[in-house]
Amino acid sequence: MKQHNHTYRLSKFLLIGALATLIDLALYVILCNRLHLIPSVAASVSFSCSTLINFSLNNRITFLSSDRTYFEKIARFYTVAIGGLILTYLGISLLTMSFGFDYLIAKVCVVILVTIYNYLLQSRVTFNVSQNNLSRS
């Protein structure tokens with residue numbers, strides 16, 4: 001049963017993350033193509049906006065039981081997200097400026113890394129899911 005719960009929770013996290021990522025990517029393209037922001041700055045803005053959506057949905061749908069208050073969770077969520085934002089900024093900068101990647105390819109590569117980071121830390125640090133529940137899947 002615990003494996004089923006973890007799989008179900010992970011599935012919801014990934015679906016919500018996919019929605020937040022689509023919003024992130026759409027905003028990123030608009031900021032780069034229409035407002036002509038440099039990719040690393042556009043990524044920072046789009047990531048920040050999608051993080052609020054991501055938190056709101058995960059708090060209501062994915063991680064229903066937590067002993068933390070709403071304000072503790074949102075503070076922790078954003079703290080973890082800042083780490084993701086730093087990874088996003090550095091990854092986009094490195095891939096586009098140092099290796100000449102297209103800005104969209106760079107973004108997709110970075111999203112994969114940041115998704116793994118986010119699930120592991122958000123489930124444990126923000127929503128207080130025990131490591132035993134995570135490792136039994």
# chains A, B, ... in the order shown; residues from 1 in each chain; ligands from 1
>>> residues_around(residues="segment 28-32 of chain A", least_positions_apart="4", cutoff="7 Å", atoms="only C-alpha atoms", output="list of chain:residue names")
A:Asp24, A:His36, A:Leu37, A:Ile38, A:Pro39, A:Ala42, A:Ala43, A:Ser46
>>> write_last_selection(atoms="C-alpha atoms", output="compact mmCIF listing (two decimals), in the first residue's frame")
# COMPACT_ATOMS: atom_id res chain seq x y z
CA ASP A 24 7.32 28.15 -17.33
CA HIS A 36 13.96 40.31 -25.71
CA LEU A 37 15.26 39.41 -22.26
CA ILE A 38 18.48 37.41 -22.16
CA PRO A 39 17.72 33.71 -21.63
CA ALA A 42 13.90 35.18 -18.70
CA ALA A 43 14.38 31.76 -17.11
CA SER A 46 9.40 32.34 -15.69
>>> closest_atom_pairs(of="segment 29-73 of chain A", to="segment 4-23 of chain A", cutoff="9 Å", atoms="only C-alpha atoms", output="tab-separated table")
residue	atom	partner	partner_atom	distance
A:Ser46	CA	A:Ile23	CA	7.9
A:Phe47	CA	A:Thr21	CA	8.3
A:Cys49	CA	A:Ile23	CA	8.5
A:Ser50	CA	A:Ala20	CA	5.2
A:Thr51	CA	A:Ala20	CA	7.2
A:Leu52	CA	A:Ala20	CA	8.9
A:Ile53	CA	A:Ala20	CA	6.5
A:Asn54	CA	A:Ala20	CA	5.7
A:Leu57	CA	A:Ile16	CA	6.8
A:Asn58	CA	A:Phe13	CA	6.6
A:Ile61	CA	A:Lys12	CA	7.5
A:Thr62	CA	A:Arg9	CA	5.7
A:Phe63	CA	A:Arg9	CA	7.4
>>> write_last_selection(atoms="C-alpha atoms", output="PDB file, in the first residue's frame")
ATOM      1  CA  SER A  46       9.404  32.338 -15.692  1.00  0.00           C
ATOM      2  CA  PHE A  47      10.695  29.901 -13.073  1.00  0.00           C
ATOM      3  CA  CYS A  49       6.057  32.542 -11.630  1.00  0.00           C
ATOM      4  CA  SER A  50       5.626  28.831 -12.265  1.00  0.00           C
ATOM      5  CA  THR A  51       6.885  28.052  -8.750  1.00  0.00           C
ATOM      6  CA  LEU A  52       3.900  29.779  -7.175  1.00  0.00           C
ATOM      7  CA  ILE A  53       1.526  27.720  -9.315  1.00  0.00           C
ATOM      8  CA  ASN A  54       3.507  24.578  -8.547  1.00  0.00           C
ATOM      9  CA  LEU A  57      -1.314  22.832  -6.667  1.00  0.00           C
ATOM     10  CA  ASN A  58       1.058  20.496  -4.839  1.00  0.00           C
ATOM     11  CA  ILE A  61      -3.448  17.995  -4.398  1.00  0.00           C
ATOM     12  CA  THR A  62      -0.197  16.070  -3.898  1.00  0.00           C
ATOM     13  CA  PHE A  63       0.897  16.525  -0.298  1.00  0.00           C
TER      14      PHE A  63
END
>>> residues_around(residues="Leu113 of chain A", least_positions_apart="2", cutoff="10 Å", atoms="only C-alpha atoms", output="list of chain:residue names")
A:Gly84, A:Leu87, A:Thr88, A:Gly91, A:Val108, A:Cys109, A:Val110, A:Val111, A:Thr115, A:Ile116, A:Tyr117, A:Asn118
>>> atom_distance(atom1="atom CA of Ile105 of chain A", atom2="atom CA of Ser93 of chain A")
12.2 Å
>>> atom_distance(atom1="atom CA of Leu104 of chain A", atom2="atom CA of Ser56 of chain A")
26.0 Å
>>> residues_around(residues="Val125 of chain A", least_positions_apart="6", cutoff="9 Å", atoms="only C-alpha atoms", output="list in words")
Lys73, Arg76, Phe77 and Val80 of chain A
